[in-house]
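Quick look at input05.cif (mmCIF, C-alpha atoms and all ligand atoms):
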```
data_query
#
loop_
_atom_site.label_atom_id
_atom_site.label_comp_id
_atom_site.auth_asym_id
_atom_site.auth_seq_id
_atom_site.Cartn_x
_atom_site.Cartn_y
_atom_site.Cartn_z
CA MET A 16 85.99 73.44 67.28
CA ASN A 17 84.82 76.88 68.37
CA LYS A 18 87.13 78.72 70.67
CA TYR A 19 86.12 80.84 73.61
CA HIS A 20 87.10 84.48 73.62
CA VAL A 21 88.12 85.29 77.16
CA THR A 22 88.82 88.69 78.69
CA THR A 23 90.44 88.60 82.08
CA THR A 24 92.83 90.50 84.30
CA ILE A 25 96.25 89.04 84.94
CA ASN A 26 98.59 90.75 87.39
CA GLY A 27 96.61 93.96 87.00
CA ASP A 28 96.61 94.03 83.19
CA GLU A 29 93.57 93.32 81.05
CA VAL A 30 94.33 90.33 78.84
CA GLU A 31 92.36 88.70 76.03
CA PHE A 32 92.90 85.23 74.64
CA LEU A 33 91.18 82.49 72.67
CA CYS A 34 91.03 79.03 74.18
CA GLU A 35 89.63 75.59 73.54
CA PRO A 36 86.83 74.55 75.92
CA GLU A 37 89.04 71.94 77.57
CA GLN A 38 92.17 74.05 77.91
CA THR A 39 93.25 74.76 81.46
CA LEU A 40 94.22 78.12 82.81
CA LEU A 41 97.70 76.71 83.35
CA ASP A 42 98.00 75.73 79.68
CA VAL A 43 96.96 79.17 78.51
CA LEU A 44 99.22 80.96 80.98
CA ARG A 45 102.24 78.93 79.95
CA ASP A 46 101.69 78.11 76.30
CA ASP A 47 99.76 81.09 74.97
CA LEU A 48 100.59 83.99 77.26
CA GLN A 49 104.24 83.01 77.92
CA LEU A 50 103.72 83.32 81.66
CA THR A 51 105.81 80.26 82.39
CA GLY A 52 106.45 80.95 86.08
CA SER A 53 103.52 78.74 87.06
CA LYS A 54 104.71 75.19 86.62
CA GLU A 55 103.07 71.91 85.72
CA GLY A 56 104.21 69.26 88.15
CA CYS A 57 101.32 66.82 88.04
CA ALA A 58 98.36 68.35 86.12
CA SER A 59 96.03 66.69 88.62
CA GLY A 60 95.85 69.07 91.57
CA ASP A 61 98.32 67.19 93.74
CA CYS A 62 101.56 69.17 93.76
CA GLY A 63 100.75 72.89 94.00
CA ALA A 64 103.38 73.88 91.42
CA CYS A 65 100.72 75.65 89.36
CA SER A 66 99.29 77.69 92.25
CA VAL A 67 97.81 81.06 91.29
CA MET A 68 95.28 83.40 92.85
CA LEU A 69 91.86 83.68 91.25
CA ASP A 70 89.76 86.52 92.65
CA GLY A 71 91.93 86.41 95.76
CA ARG A 72 91.54 82.68 96.29
CA LEU A 73 94.39 80.22 96.04
CA VAL A 74 93.75 77.68 93.27
CA CYS A 75 95.58 75.10 91.21
CA ALA A 76 95.65 76.52 87.68
CA CYS A 77 95.76 72.97 86.31
CA LEU A 78 92.27 72.41 87.71
CA VAL A 79 90.73 75.63 86.41
CA LEU A 80 89.45 75.87 82.87
CA ALA A 81 90.86 78.85 81.03
CA ALA A 82 87.35 79.92 80.09
CA GLU A 83 86.50 80.19 83.80
CA ALA A 84 88.99 83.04 84.13
CA GLY A 85 86.72 85.33 82.13
CA GLY A 86 85.94 88.55 83.99
CA ARG A 87 88.08 87.56 86.94
CA GLU A 88 91.38 88.59 88.50
CA VAL A 89 94.32 86.25 88.16
CA GLU A 90 97.57 86.72 90.04
CA THR A 91 100.63 84.73 89.06
CA ILE A 92 104.20 84.61 90.29
CA GLU A 93 105.14 87.09 87.55
CA GLY A 94 103.13 89.74 89.39
CA MET A 95 104.58 89.11 92.83
CA ALA A 96 107.58 91.45 92.69
CA ASP A 97 106.97 95.17 92.32
CA GLY A 98 109.15 95.88 89.31
CA GLU A 99 112.72 95.31 90.46
CA GLU A 100 111.64 95.14 94.10
CA LEU A 101 111.10 91.63 95.35
CA HIS A 102 108.11 90.80 97.49
CA PRO A 103 109.23 90.35 101.13
CA LEU A 104 108.61 86.60 100.82
CA GLN A 105 110.87 86.36 97.78
CA GLN A 106 113.58 88.27 99.64
CA LYS A 107 113.31 86.03 102.70
CA PHE A 108 113.38 82.89 100.59
CA LEU A 109 116.70 84.09 99.21
CA GLU A 110 118.05 84.97 102.65
CA HIS A 111 117.03 81.61 104.11
CA ALA A 112 118.08 79.66 101.00
CA ALA A 113 114.57 78.25 101.13
CA LEU A 114 114.57 76.97 97.59
CA GLN A 115 116.50 74.90 95.14
CA CYS A 116 114.49 74.55 91.98
CA GLY A 117 112.09 76.55 89.89
CA ILE A 118 109.39 73.91 89.79
CA CYS A 119 107.95 74.09 93.27
CA THR A 120 109.15 77.54 94.33
CA PRO A 121 106.69 79.72 92.40
CA GLY A 122 103.76 77.77 93.79
CA VAL A 123 105.14 77.82 97.31
CA LEU A 124 105.59 81.59 97.13
CA ILE A 125 102.08 82.19 95.83
CA ALA A 126 100.62 79.92 98.50
CA ALA A 127 102.69 81.58 101.23
CA LYS A 128 101.53 85.01 100.08
CA ALA A 129 97.94 83.80 100.25
CA LEU A 130 98.56 82.54 103.77
CA LEU A 131 99.99 85.82 105.03
CA GLU A 132 97.16 87.80 103.47
CA LYS A 133 94.69 85.62 105.31
CA ASN A 134 96.66 85.17 108.50
CA PRO A 135 99.49 87.66 109.13
CA ASP A 136 100.59 85.81 112.27
CA PRO A 137 100.52 82.09 111.53
CA THR A 138 101.93 79.53 113.93
CA GLU A 139 104.48 77.09 112.58
CA THR A 140 101.81 74.40 112.55
CA GLU A 141 99.42 76.63 110.62
CA ALA A 142 102.11 77.49 108.07
CA ARG A 143 103.04 73.83 107.62
CA TYR A 144 99.41 72.85 107.28
CA TRP A 145 98.72 75.64 104.76
CA LEU A 146 101.69 74.67 102.61
CA ALA A 147 101.04 70.94 102.81
CA GLY A 148 99.61 71.04 99.29
CA ASN A 149 102.85 72.35 97.83
CA LEU A 150 105.22 69.49 97.30
CA CYS A 151 108.98 69.91 97.24
CA ARG A 152 111.11 66.87 96.60
CA CYS A 153 114.54 68.23 97.28
CA THR A 154 115.03 71.01 99.79
CA GLY A 155 112.86 69.90 102.65
CA TYR A 156 110.39 72.23 104.28
CA ASP A 157 112.19 73.65 107.29
CA LYS A 158 113.85 76.55 105.48
CA ILE A 159 110.65 77.34 103.65
CA ILE A 160 108.69 77.51 106.88
CA ARG A 161 111.39 79.60 108.56
CA ALA A 162 111.34 82.04 105.65
CA VAL A 163 107.55 82.33 105.78
CA LEU A 164 107.46 82.92 109.54
CA ASP A 165 110.34 85.40 109.34
CA THR A 166 108.52 87.30 106.58
CA ALA A 167 105.35 87.35 108.64
CA ALA A 168 107.23 88.77 111.64
CA ASP A 169 108.88 91.46 109.51
CA MET A 170 105.64 92.44 107.81
CA ARG A 171 103.83 92.73 111.12
CA GLY A 172 106.61 94.97 112.41
CA SER A 173 106.58 97.33 109.47
S1 LIG B 1 100.37 70.95 88.27
FE1 LIG B 1 98.60 71.67 89.26
S2 LIG B 1 98.66 70.79 91.25
FE2 LIG B 1 100.35 69.91 90.19
S1 LIG B 2 113.05 73.07 95.57
FE1 LIG B 2 111.61 72.56 93.99
S2 LIG B 2 111.00 70.50 94.26
FE2 LIG B 2 112.27 71.04 95.91
#
```

Written as structure tokens, that's how I'd like the structure from this file.
Ligand code: FES
Ligand code: FES
Amino acid sequence: MNKYHVTTTINGDEVEFLCEPEQTLLDVLRDDLQLTGSKEGCASGDCGACSVMLDGRLVCACLVLAAEAGGREVETIEGMADGEELHPLQQKFLEHAALQCGICTPGVLIAAKALLEKNPDPTETEARYWLAGNLCRCTGYDKIIRAVLDTAADMRGS
């Protein structure tokens, strides 16, 4: 079968890859580009573990065809820290112990970043509603929400 030649931007770098028509962006990120931070929890758009930004919009990478990424800007968890410097959300997640595993956490962080870019001063209800699509089965959501609201407060103050 013919493959698509895709040129896209991932975390600020121009990237080229070949993909099958039915391959998802998540598959290509993980299997071909070794960007394994985005996780596959369900492959059906239900868990949020594969969350990435596509042209500034939060999407499930398991529901996006890799070929659709052509000419667009993709942001993944690998691009969230600035070199050795963690993003404020990553730092607050550590301080609040708002995570246990590596399956849900990357998606939660990407979704939380998208929230704060859209709404720098979310209420607790807004934060909970926004993150409702990111499922965590072990740590509960309270610490996550506290970390997000604490980050928002810090970022507004700086
Ligand atoms: S793996 Fe994409 S939403 Fe679950
Ligand atoms: S911390 Fe990842 S599923 Fe709960």

Nearest to Leu104 (chain A), chosen from A:Ile125, A:Ala84, A:Cys151, A:Val30, with all atoms listed in the file counted in the distances: A:Ile125

Close residues to ligand LIG 1 (chain B) using only C-alpha atoms and all ligand atoms, limit 6 Å, as a VMD selection string: chain A and resid 55 to 65 75 to 77

6 Å from ligand LIG 2 (chain B) is the threshold here; counting all atoms listed in the file, which polymer residues fall inside it? Answer as a PDB file with C-alpha atoms, keeping the file's coordinate frame.
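What landed in result05.pdb:
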```pdb
ATOM      1  CA  LEU A 114     114.570  76.970  97.590  1.00  0.00           C
ATOM      2  CA  GLN A 115     116.500  74.900  95.140  1.00  0.00           C
ATOM      3  CA  CYS A 116     114.490  74.550  91.980  1.00  0.00           C
ATOM      4  CA  GLY A 117     112.090  76.550  89.890  1.00  0.00           C
ATOM      5  CA  ILE A 118     109.390  73.910  89.790  1.00  0.00           C
ATOM      6  CA  CYS A 119     107.950  74.090  93.270  1.00  0.00           C
ATOM      7  CA  THR A 120     109.150  77.540  94.330  1.00  0.00           C
ATOM      8  CA  CYS A 151     108.980  69.910  97.240  1.00  0.00           C
ATOM      9  CA  ARG A 152     111.110  66.870  96.600  1.00  0.00           C
ATOM     10  CA  CYS A 153     114.540  68.230  97.280  1.00  0.00           C
ATOM     11  CA  THR A 154     115.030  71.010  99.790  1.00  0.00           C
TER      12      THR A 154
END
```

A:Pro36, A:Gly94, A:Gly172, A:Gly122 ranked by distance to Ala82 (chain A), top pick (using all atoms listed in the file):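 Smallest distance to Ala82 (chain A) is found for A:Pro36.
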
CA of Thr22 (chain A) to CA of Ala127 (chain A), straight-line distance in Å: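 A separation of 27.4 Å between them.
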
Gap from CA of Leu101 (chain A) to CA of Leu40 (chain A) - Å, one decimal: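 Value for the CA of Leu101 (chain A)-CA of Leu40 (chain A) distance: 25.0 Å.
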
Distance criterion (only C-alpha atoms): nearest to Glu83 (chain A) out of A:Leu69, A:Gly27, A:Leu131, A:Gln105: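 Going through A:Leu69, A:Gly27, A:Leu131, A:Gln105 one by one, the smallest distance to Glu83 (chain A) is for A:Leu69.
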
Selected residue of minimal separation from Asp70 (chain A) among A:Val89, A:Met16, A:Ala96, A:Leu33, counting all atoms listed in the file: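 Using all atoms listed in the file, Asp70 (chain A) sits closest to A:Val89.
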